[in-house]
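The next block is coords-v3.txt, given as compact mmCIF, C-alpha atoms.
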```txt
# COMPACT_ATOMS: atom_id res chain seq x y z
CA MET A 1 58.57 -34.73 -18.02
CA ALA A 2 58.59 -33.82 -14.35
CA TYR A 3 55.78 -31.78 -12.86
CA ASN A 4 56.93 -28.20 -12.46
CA GLY A 5 54.37 -27.02 -9.92
CA ALA A 6 52.69 -24.62 -12.33
CA GLY A 7 50.70 -27.14 -14.34
CA MET A 8 51.61 -28.77 -17.61
CA PRO A 9 50.66 -27.82 -21.16
CA ALA A 10 47.55 -29.45 -22.51
CA PRO A 11 48.61 -31.90 -25.23
CA GLN A 12 46.09 -32.44 -27.98
CA ILE A 13 45.17 -35.59 -29.90
CA ALA A 14 48.08 -36.52 -32.10
CA SER A 15 47.95 -35.82 -35.82
CA ASP A 16 49.14 -38.34 -38.39
CA SER A 17 52.43 -36.45 -38.74
CA GLN A 18 52.95 -36.46 -34.98
CA ARG A 19 52.30 -40.19 -34.86
CA ALA A 20 54.90 -40.71 -37.56
CA HIS A 21 57.56 -39.03 -35.40
CA ARG A 22 56.80 -40.96 -32.22
CA PRO A 23 59.38 -43.24 -30.59
CA PRO A 24 59.04 -46.77 -32.03
CA LEU A 25 56.64 -48.83 -29.91
CA ARG A 26 58.93 -51.85 -29.66
CA ALA A 27 61.82 -49.69 -28.50
CA VAL A 28 59.68 -48.02 -25.84
CA ILE A 29 58.44 -51.36 -24.57
CA ASP A 30 61.99 -52.72 -24.44
CA ARG A 31 63.09 -49.73 -22.37
CA ALA A 32 60.20 -50.21 -19.93
CA MET A 33 60.89 -53.93 -19.64
CA ALA A 34 64.53 -53.14 -18.88
CA GLY A 35 63.45 -50.91 -15.98
CA GLU A 36 64.38 -47.64 -17.64
CA CYS A 37 62.51 -44.41 -16.85
CA LEU A 38 60.19 -43.53 -19.72
CA THR A 39 59.79 -39.99 -21.00
CA ALA A 40 56.45 -38.28 -21.43
CA ASP A 41 56.70 -38.70 -25.22
CA GLU A 42 57.28 -42.43 -24.74
CA ALA A 43 54.28 -42.69 -22.41
CA VAL A 44 52.14 -40.99 -25.06
CA ALA A 45 53.46 -43.43 -27.66
CA LEU A 46 52.27 -46.30 -25.48
CA ILE A 47 48.80 -44.98 -24.71
CA GLU A 48 48.15 -44.07 -28.36
CA CYS A 49 49.83 -47.12 -29.90
CA ASP A 50 48.27 -49.07 -32.77
CA ASP A 51 49.32 -52.52 -31.51
CA LEU A 52 47.26 -52.94 -28.36
CA ASP A 53 47.97 -56.69 -28.11
CA LEU A 54 51.71 -56.03 -27.94
CA LEU A 55 51.21 -53.41 -25.23
CA LEU A 56 48.94 -55.64 -23.13
CA ASP A 57 51.26 -58.63 -23.38
CA ALA A 58 54.20 -56.53 -22.22
CA ALA A 59 52.24 -54.95 -19.35
CA GLY A 60 51.03 -58.34 -18.13
CA GLU A 61 54.54 -59.77 -18.26
CA LEU A 62 55.94 -56.78 -16.35
CA ARG A 63 53.27 -57.16 -13.66
CA ASP A 64 54.01 -60.88 -13.29
CA ARG A 65 57.69 -60.24 -12.56
CA VAL A 66 56.95 -58.83 -9.10
CA LYS A 67 53.25 -59.26 -8.36
CA GLY A 68 52.90 -62.74 -9.82
CA ARG A 69 49.39 -64.01 -10.38
CA ASP A 70 47.86 -62.76 -7.14
CA VAL A 71 45.25 -60.02 -7.41
CA THR A 72 44.03 -58.34 -4.25
CA TYR A 73 41.13 -56.37 -2.82
CA SER A 74 40.37 -54.62 0.45
CA PRO A 75 37.14 -55.59 2.29
CA LYS A 76 35.92 -52.20 3.46
CA VAL A 77 33.13 -50.16 4.97
CA PHE A 78 32.45 -47.07 2.86
CA LEU A 79 31.80 -44.27 5.38
CA PRO A 80 30.47 -41.13 3.63
CA VAL A 81 31.27 -38.83 6.54
CA THR A 82 29.62 -35.86 4.79
CA ASN A 83 28.51 -35.31 1.23
CA LEU A 84 28.61 -31.53 1.56
CA CYS A 85 31.34 -30.05 -0.63
CA ARG A 86 32.45 -26.61 -1.76
CA ASP A 87 33.41 -27.89 -5.24
CA ARG A 88 30.98 -28.39 -8.12
CA CYS A 89 32.47 -30.88 -10.56
CA THR A 90 30.19 -31.40 -13.55
CA TYR A 91 30.37 -35.22 -13.27
CA CYS A 92 29.68 -35.64 -9.54
CA THR A 93 26.53 -37.04 -7.93
CA PHE A 94 28.06 -37.36 -4.45
CA ARG A 95 28.23 -33.69 -3.41
CA LYS A 96 25.21 -31.88 -2.02
CA ASP A 97 24.27 -28.48 -0.58
CA PRO A 98 22.93 -28.37 3.00
CA TRP A 99 19.39 -27.69 1.78
CA ASP A 100 19.28 -30.70 -0.53
CA PRO A 101 17.01 -33.48 0.78
CA ASP A 102 19.80 -36.05 0.31
CA ALA A 103 22.44 -34.06 2.20
CA TRP A 104 23.94 -35.79 5.22
CA THR A 105 26.68 -35.71 7.79
CA MET A 106 27.23 -38.96 9.66
CA MET A 107 26.87 -38.72 13.42
CA PRO A 108 29.34 -40.48 15.76
CA HIS A 109 26.90 -43.24 16.66
CA GLU A 110 26.38 -43.98 12.96
CA ILE A 111 30.10 -44.24 12.34
CA THR A 112 30.42 -46.64 15.27
CA ASP A 113 27.41 -48.70 14.16
CA TRP A 114 28.50 -49.00 10.53
CA SER A 115 32.05 -49.85 11.59
CA ARG A 116 30.86 -52.53 13.98
CA ARG A 117 28.56 -54.07 11.39
CA GLY A 118 31.28 -53.99 8.77
CA GLN A 119 33.79 -55.64 11.07
CA ALA A 120 31.28 -58.40 11.78
CA LEU A 121 31.03 -58.99 8.03
CA GLY A 122 34.80 -59.34 7.68
CA CYS A 123 35.74 -55.78 6.74
CA LYS A 124 39.20 -54.53 7.66
CA GLU A 125 39.19 -51.02 6.13
CA ALA A 126 37.12 -47.96 7.01
CA LEU A 127 37.11 -45.67 3.98
CA MET A 128 36.46 -42.10 5.12
CA CYS A 129 35.07 -40.40 2.03
CA LEU A 130 33.78 -36.82 2.07
CA GLY A 131 33.53 -33.52 0.25
CA ASP A 132 36.19 -30.83 0.15
CA LYS A 133 36.12 -28.31 3.03
CA PRO A 134 32.35 -27.71 3.23
CA GLU A 135 32.81 -25.43 6.26
CA VAL A 136 34.33 -22.85 3.91
CA ALA A 137 31.09 -22.64 1.91
CA PHE A 138 28.23 -23.40 4.31
CA LYS A 139 27.32 -21.63 7.56
CA GLU A 140 24.85 -24.43 8.37
CA TYR A 141 27.65 -26.98 8.31
CA ARG A 142 29.84 -24.86 10.56
CA GLU A 143 27.02 -25.04 13.10
CA THR A 144 26.95 -28.83 12.73
CA LEU A 145 30.67 -29.04 13.41
CA LYS A 146 30.26 -26.83 16.46
CA SER A 147 27.58 -29.13 17.81
CA LEU A 148 30.00 -32.04 17.36
CA GLY A 149 32.64 -30.25 19.42
CA VAL A 150 35.06 -29.51 16.57
CA ARG A 151 36.00 -26.54 14.40
CA THR A 152 36.91 -28.22 11.13
CA THR A 153 35.93 -31.21 9.06
CA ILE A 154 39.39 -32.74 9.44
CA GLU A 155 39.10 -32.57 13.23
CA TYR A 156 35.83 -34.50 12.92
CA VAL A 157 37.46 -37.02 10.58
CA TYR A 158 40.09 -37.63 13.26
CA LYS A 159 37.31 -38.52 15.70
CA ALA A 160 35.65 -40.72 13.08
CA CYS A 161 38.91 -42.59 12.52
CA GLU A 162 39.27 -43.21 16.25
CA LEU A 163 35.72 -44.58 16.37
CA ALA A 164 36.40 -46.92 13.46
CA MET A 165 39.67 -48.10 15.02
CA ALA A 166 37.84 -48.85 18.25
CA GLU A 167 35.67 -51.27 16.26
CA GLY A 168 38.69 -53.05 14.78
CA LEU A 169 39.00 -51.30 11.40
CA LEU A 170 41.98 -49.58 9.78
CA PRO A 171 41.02 -46.13 8.45
CA HIS A 172 41.90 -44.82 5.01
CA THR A 173 40.93 -41.17 4.56
CA ASN A 174 40.07 -39.50 1.26
CA ALA A 175 38.97 -36.02 2.32
CA GLY A 176 39.95 -34.06 -0.76
CA VAL A 177 42.79 -31.55 -0.64
CA MET A 178 44.38 -31.32 2.81
CA THR A 179 47.20 -29.21 4.15
CA TYR A 180 50.47 -30.56 5.50
CA ALA A 181 49.27 -29.88 9.05
CA GLU A 182 45.95 -31.66 8.47
CA MET A 183 47.64 -34.77 7.08
CA GLU A 184 50.14 -34.70 9.92
CA MET A 185 47.24 -34.63 12.39
CA LEU A 186 45.49 -37.59 10.70
CA ARG A 187 48.60 -39.73 10.19
CA PRO A 188 48.46 -41.47 13.62
CA VAL A 189 44.91 -42.72 12.97
CA ASN A 190 45.20 -43.69 9.30
CA ALA A 191 46.85 -46.73 7.79
CA SER A 192 46.93 -44.82 4.50
CA MET A 193 45.40 -41.79 2.82
CA GLY A 194 44.46 -40.84 -0.70
CA LEU A 195 43.67 -38.16 -3.24
CA MET A 196 42.93 -38.76 -6.90
CA LEU A 197 45.05 -36.53 -9.09
CA GLU A 198 42.38 -37.08 -11.78
CA ASP A 199 44.34 -35.16 -14.44
CA ILE A 200 47.39 -32.92 -14.60
CA SER A 201 45.94 -30.58 -17.25
CA THR A 202 45.04 -27.06 -16.14
CA ARG A 203 42.78 -26.87 -19.20
CA LEU A 204 39.98 -28.68 -17.34
CA ARG A 205 39.76 -25.75 -14.90
CA LYS A 206 38.94 -23.28 -17.64
CA ARG A 207 35.48 -22.12 -18.76
CA GLY A 208 33.42 -25.10 -19.87
CA GLY A 209 35.80 -27.60 -18.30
CA ALA A 210 34.76 -30.32 -15.86
CA HIS A 211 36.59 -28.54 -13.03
CA GLN A 212 35.60 -24.94 -13.80
CA TRP A 213 33.71 -24.61 -10.51
CA ALA A 214 36.04 -26.80 -8.45
CA PRO A 215 38.94 -24.84 -6.92
CA ASP A 216 40.26 -27.93 -5.19
CA LYS A 217 40.78 -29.62 -8.56
CA GLU A 218 43.60 -27.25 -9.50
CA PRO A 219 46.40 -29.68 -10.48
CA ALA A 220 49.11 -27.69 -8.68
CA ARG A 221 47.20 -27.94 -5.38
CA ARG A 222 46.71 -31.67 -5.76
CA MET A 223 50.32 -32.29 -6.71
CA ARG A 224 51.41 -30.24 -3.71
CA MET A 225 49.40 -32.56 -1.46
CA LEU A 226 51.00 -35.63 -3.07
CA GLU A 227 54.43 -34.09 -2.43
CA GLU A 228 53.61 -33.26 1.19
CA ALA A 229 52.20 -36.73 1.83
CA GLY A 230 55.56 -38.07 0.69
CA ARG A 231 57.42 -35.78 3.08
CA LEU A 232 55.15 -37.03 5.89
CA ARG A 233 55.83 -40.70 5.01
CA ILE A 234 52.17 -41.48 4.40
CA PRO A 235 51.35 -44.57 2.29
CA PHE A 236 49.27 -42.93 -0.38
CA THR A 237 46.68 -43.75 -3.04
CA THR A 238 46.19 -41.63 -6.13
CA GLY A 239 45.15 -42.11 -9.74
CA ILE A 240 43.63 -40.70 -12.89
CA LEU A 241 40.02 -40.31 -14.00
CA LEU A 242 39.28 -41.07 -17.64
CA GLY A 243 36.50 -39.38 -19.61
CA ILE A 244 36.21 -35.91 -18.07
CA GLY A 245 37.40 -34.02 -21.14
CA GLU A 246 41.08 -34.90 -21.11
CA THR A 247 43.05 -36.17 -24.11
CA THR A 248 44.89 -39.47 -24.25
CA ALA A 249 48.17 -37.56 -24.12
CA GLU A 250 47.05 -35.79 -20.95
CA ARG A 251 46.37 -39.19 -19.39
CA ALA A 252 49.94 -40.20 -20.15
CA HIS A 253 51.32 -36.91 -18.76
CA SER A 254 49.30 -37.44 -15.57
CA LEU A 255 50.86 -40.87 -15.08
CA ILE A 256 54.31 -39.37 -15.57
CA ALA A 257 53.56 -36.75 -12.89
CA ILE A 258 52.53 -39.49 -10.45
CA ARG A 259 55.62 -41.52 -11.31
CA ASP A 260 57.90 -38.54 -10.72
CA VAL A 261 56.57 -37.71 -7.25
CA HIS A 262 56.76 -41.38 -6.28
CA GLN A 263 60.41 -41.53 -7.37
CA ARG A 264 61.18 -38.72 -4.93
CA TYR A 265 59.45 -40.20 -1.88
CA GLY A 266 58.44 -43.82 -2.56
CA HIS A 267 55.07 -43.32 -0.88
CA ILE A 268 52.54 -44.00 -3.65
CA GLN A 269 51.28 -47.43 -2.66
CA GLU A 270 48.68 -47.75 -5.40
CA VAL A 271 47.49 -45.98 -8.53
CA ILE A 272 43.85 -46.18 -9.63
CA ILE A 273 42.77 -46.06 -13.25
CA GLN A 274 39.10 -45.05 -12.99
CA ASN A 275 36.53 -44.46 -15.69
CA PHE A 276 33.88 -41.73 -15.72
CA ARG A 277 30.32 -43.03 -15.69
CA ALA A 278 27.53 -40.89 -17.14
CA LYS A 279 24.42 -40.37 -15.01
CA PRO A 280 21.16 -38.58 -15.90
CA GLU A 281 21.34 -36.11 -13.02
CA ILE A 282 24.78 -34.64 -13.79
CA ALA A 283 25.79 -31.83 -16.15
CA MET A 284 27.86 -34.32 -18.13
CA ALA A 285 24.91 -36.67 -18.60
CA ASP A 286 25.47 -36.87 -22.36
CA ALA A 287 29.28 -37.08 -22.25
CA PRO A 288 30.76 -40.25 -23.77
CA GLU A 289 32.16 -42.78 -21.35
CA PRO A 290 35.62 -44.27 -21.87
CA ASP A 291 35.28 -47.64 -23.55
CA ALA A 292 37.01 -50.87 -22.60
CA MET A 293 39.92 -50.23 -24.92
CA ASP A 294 40.46 -46.74 -23.48
CA MET A 295 40.72 -48.30 -20.04
CA ALA A 296 42.97 -51.13 -21.18
CA ARG A 297 45.37 -48.71 -22.86
CA ALA A 298 45.54 -46.52 -19.76
CA ILE A 299 46.02 -49.49 -17.41
CA ALA A 300 48.78 -50.99 -19.55
CA THR A 301 50.49 -47.61 -19.93
CA ALA A 302 50.32 -47.11 -16.16
CA ARG A 303 52.00 -50.46 -15.64
CA MET A 304 54.77 -49.64 -18.13
CA VAL A 305 55.34 -46.13 -16.76
CA LEU A 306 55.09 -47.02 -13.06
CA GLY A 307 56.92 -50.34 -13.22
CA PRO A 308 56.44 -53.85 -11.87
CA LYS A 309 56.44 -52.92 -8.16
CA MET A 310 53.53 -50.47 -8.31
CA ASN A 311 50.06 -51.64 -7.29
CA VAL A 312 47.78 -50.73 -10.21
CA GLN A 313 44.04 -50.82 -9.59
CA ALA A 314 40.79 -50.51 -11.54
CA PRO A 315 37.34 -50.47 -9.87
CA PRO A 316 35.50 -53.69 -10.86
CA ASN A 317 32.02 -52.29 -10.21
CA LEU A 318 32.50 -49.63 -12.90
CA SER A 319 33.48 -52.16 -15.58
CA PRO A 320 31.87 -55.47 -14.60
CA ASN A 321 32.27 -56.95 -18.08
CA GLU A 322 35.99 -56.21 -18.35
CA ILE A 323 37.46 -58.22 -15.47
CA GLU A 324 39.55 -60.45 -17.71
CA LEU A 325 40.66 -57.60 -19.97
CA PHE A 326 41.88 -55.48 -17.07
CA LEU A 327 43.82 -58.41 -15.63
CA ALA A 328 45.46 -58.90 -19.01
CA ALA A 329 46.30 -55.17 -19.11
CA GLY A 330 48.42 -55.36 -15.97
CA ILE A 331 46.38 -54.60 -12.84
CA ASN A 332 47.07 -56.46 -9.60
CA ASP A 333 44.34 -54.99 -7.39
CA TRP A 334 40.59 -54.34 -7.44
CA GLY A 335 40.49 -51.74 -4.66
CA GLY A 336 37.99 -51.66 -1.83
CA ILE A 337 34.86 -53.81 -2.03
CA SER A 338 32.16 -53.55 0.63
CA PRO A 339 29.72 -56.23 1.83
CA LEU A 340 27.81 -53.55 3.75
CA SER A 341 27.75 -50.13 2.10
CA LYS A 342 27.28 -49.10 -1.51
CA ASP A 343 29.65 -47.04 -3.64
CA TYR A 344 28.31 -43.60 -2.74
CA VAL A 345 30.30 -41.96 -5.54
CA ASN A 346 28.81 -44.30 -8.15
CA PRO A 347 25.63 -45.57 -6.45
CA GLU A 348 24.28 -47.11 -9.65
CA ALA A 349 27.25 -49.53 -9.80
CA PRO A 350 26.94 -52.40 -7.28
CA TRP A 351 30.03 -54.07 -5.87
CA PRO A 352 30.79 -57.51 -7.35
CA HIS A 353 30.11 -60.61 -5.29
CA ILE A 354 33.48 -61.79 -4.01
CA GLU A 355 32.80 -65.42 -4.87
CA ARG A 356 31.96 -64.58 -8.47
CA LEU A 357 34.89 -62.21 -8.80
CA SER A 358 37.19 -64.88 -7.40
CA GLU A 359 35.87 -67.42 -9.91
CA ARG A 360 36.46 -65.08 -12.84
CA CYS A 361 39.95 -64.28 -11.61
CA ALA A 362 40.69 -68.00 -11.26
CA ARG A 363 39.51 -68.75 -14.78
CA ALA A 364 41.90 -66.04 -16.00
CA GLY A 365 44.76 -67.63 -14.03
CA PHE A 366 44.77 -65.40 -10.94
CA ASP A 367 44.20 -65.94 -7.22
CA LEU A 368 42.02 -63.34 -5.48
CA ARG A 369 43.30 -62.44 -2.02
CA GLU A 370 42.36 -59.98 0.72
CA ARG A 371 44.67 -57.14 1.76
CA LEU A 372 44.67 -54.34 4.30
CA ALA A 373 44.28 -50.61 3.67
CA ILE A 374 48.08 -50.48 3.83
CA TYR A 375 50.02 -52.75 1.48
CA PRO A 376 52.47 -55.24 3.05
CA GLU A 377 55.53 -53.47 1.65
CA TYR A 378 54.62 -50.37 3.72
CA VAL A 379 54.09 -52.13 7.04
CA ASP A 380 57.22 -51.03 8.85
CA ASP A 381 58.41 -48.43 11.31
CA TYR A 382 59.26 -45.91 8.60
CA TRP A 383 55.72 -45.68 7.19
CA VAL A 384 53.55 -46.63 10.18
CA ASP A 385 52.84 -44.28 13.07
CA PRO A 386 53.41 -45.91 16.49
CA LYS A 387 49.76 -45.35 17.41
CA LEU A 388 48.74 -47.75 14.63
CA ARG A 389 50.92 -50.65 15.76
CA PRO A 390 48.29 -52.32 18.01
CA ALA A 391 45.65 -52.08 15.29
CA LEU A 392 47.96 -53.60 12.69
CA SER A 393 48.98 -56.35 15.11
CA ARG A 394 45.33 -57.30 15.55
CA HIS A 395 45.22 -57.92 11.80
CA GLY A 396 48.35 -60.05 11.87
CA ALA A 397 50.55 -57.44 10.20
CA GLU A 398 54.05 -57.54 11.66
CA LEU A 399 56.11 -54.38 11.42
CA GLY A 400 59.55 -54.56 9.91
CA GLY A 401 62.50 -52.38 10.76
CA GLY A 402 61.73 -49.51 8.39
CA ALA A 403 63.35 -47.91 5.38
CA SER A 404 67.07 -47.33 5.39
```
Go ahead and render the structure in this file as structure tokens.
Amino acid sequence: MAYNGAGMPAPQIASDSQRAHRPPLRAVIDRAMAGECLTADEAVALIECDDLDLLLDAAGELRDRVKGRDVTYSPKVFLPVTNLCRDRCTYCTFRKDPWDPDAWTMMPHEITDWSRRGQALGCKEALMCLGDKPEVAFKEYRETLKSLGVRTTIEYVYKACELAMAEGLLPHTNAGVMTYAEMEMLRPVNASMGLMLEDISTRLRKRGGAHQWAPDKEPARRMRMLEEAGRLRIPFTTGILLGIGETTAERAHSLIAIRDVHQRYGHIQEVIIQNFRAKPEIAMADAPEPDAMDMARAIATARMVLGPKMNVQAPPNLSPNEIELFLAAGINDWGGISPLSKDYVNPEAPWPHIERLSERCARAGFDLRERLAIYPEYVDDYWVDPKLRPALSRHGAELGGGAS
């Protein structure tokens, strides 16, 4: 089912009678293995199937066809440019108000210092992570931007990206919802950009939902940004967030929406399957976390829906005991891992040690390898802005001729 721009209906947990009328699992798997485009009903049949072993085996085999047994990660510096945000998601510990004691906005010298230290430790990516449009909500922050010589947060992110590039890093910006013009401005100083879809259901924006107080989590706005990133030829990261009140069927519908926009533009370079983690200081402190099987089902369904060429990722620090399971479910990437900075979105979850992660991957039959913030298949003249060519060349990435 293609995304229609006005949100999708909120599917509920299937009843026994609904399960009885689902497409047969074996037939759905055969269609996916043959490279056919699955329907939303077929995606739901996968994610709610009773034979998880069959699903995982198929997803792993599909991954191996193109990705082989290499699994990658990006050595990065996590740069929390500002943790001020106008949204108030009920599961977030990152965002702050200006008067909170833990509120911050990184100054230029800090961005340079962190970038330089990260580069010395072998980092190649500078992840620009920040809240959504805090200048809209906070007068104090508008004064901060003025003191920095800019009018908007995105203008400051542009400067931050230039500082990181000067220290030898390739920026990847995740600044929440951006306009076409803002992404166009950032494209020359970003190897890639990202925005988590999280979930396609408009139900989560209603009273009592995780996104009730988060206008930037409106699915139509986020899908519009994914569309516009495709029009701008930006290698893009997106994904879904499990455990914020969505149903399993909504997870499947969200993957279909991502698949459909990628079919139009070819720009989704990776899809993250991320699990909610409960924390005592959030409104959802008592909400149940997705378990290992929830994650495995979603990962395997993503692989079957998105196909063998897609880079499918799961954060290893959020599920440190499930490395082998997630590999079996069809991932081929662990995302960014930092030797310098913590995960500021999930500060309680330390990054894995690369040597230990590599050993566990090897025991499962995989080779762990580094990658850049832009995947090799996107390093060509079609996807890369000319301003980025020298930076990519420094990392040994040779540009091809571009898409036909």
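Distance annotation: of A:Asn311, A:Ser192, A:Thr144, A:Ser341, the residue with the minimal separation from A:Leu232 is A:Ser192; atom set is only C-alpha atoms.
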*asked:* Considering only C-alpha atoms, can you say which of A:Leu25, A:Leu84, A:Val66, A:Ala283 comes closest to A:Gly208?
replied: A:Ala283
*Can you work out the spacing between atom CA of A:Ala298 and atom CA of A:Asp70 in Å, to one decimal?*
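Between atom CA of A:Ala298 and atom CA of A:Asp70 the gap works out to 20.7 Å.
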_Spatial neighbours of stretch 211-223 of chain A, max dist 7 Å, only C-alpha atoms, sep filter under 4 positions, as number ranges by chain_ = A: 5-7, 87-89, 177, 197, 200-202, 204-207, 227
_A:Tyr73 surroundings by only C-alpha atoms, 7 Å radius, close-in-sequence under 5 positions cut, as a list of chain:residue names_ =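 Near A:Tyr73, the qualifying residues are A:Asp333, A:Trp334, A:Gly335, A:Gly336, A:Ile337, A:Arg369, A:Glu370, A:Arg371.
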*Would you list the contacts of A:Ala292 as a PyMOL selection string, taking every protein, DNA or RNA residue within 9 Å and counting all atoms listed in the file, but skipping same-chain residues closer than 4 positions in sequence?*
chain A and resi 296-297+319+321-322+325-326
*asked:* So the first atom is atom CA of A:Leu79 and the second is atom CA of A:Met196; what is the distance between them in Å, to one decimal place?
replied: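 Distance between the two atoms: 17.5 Å.
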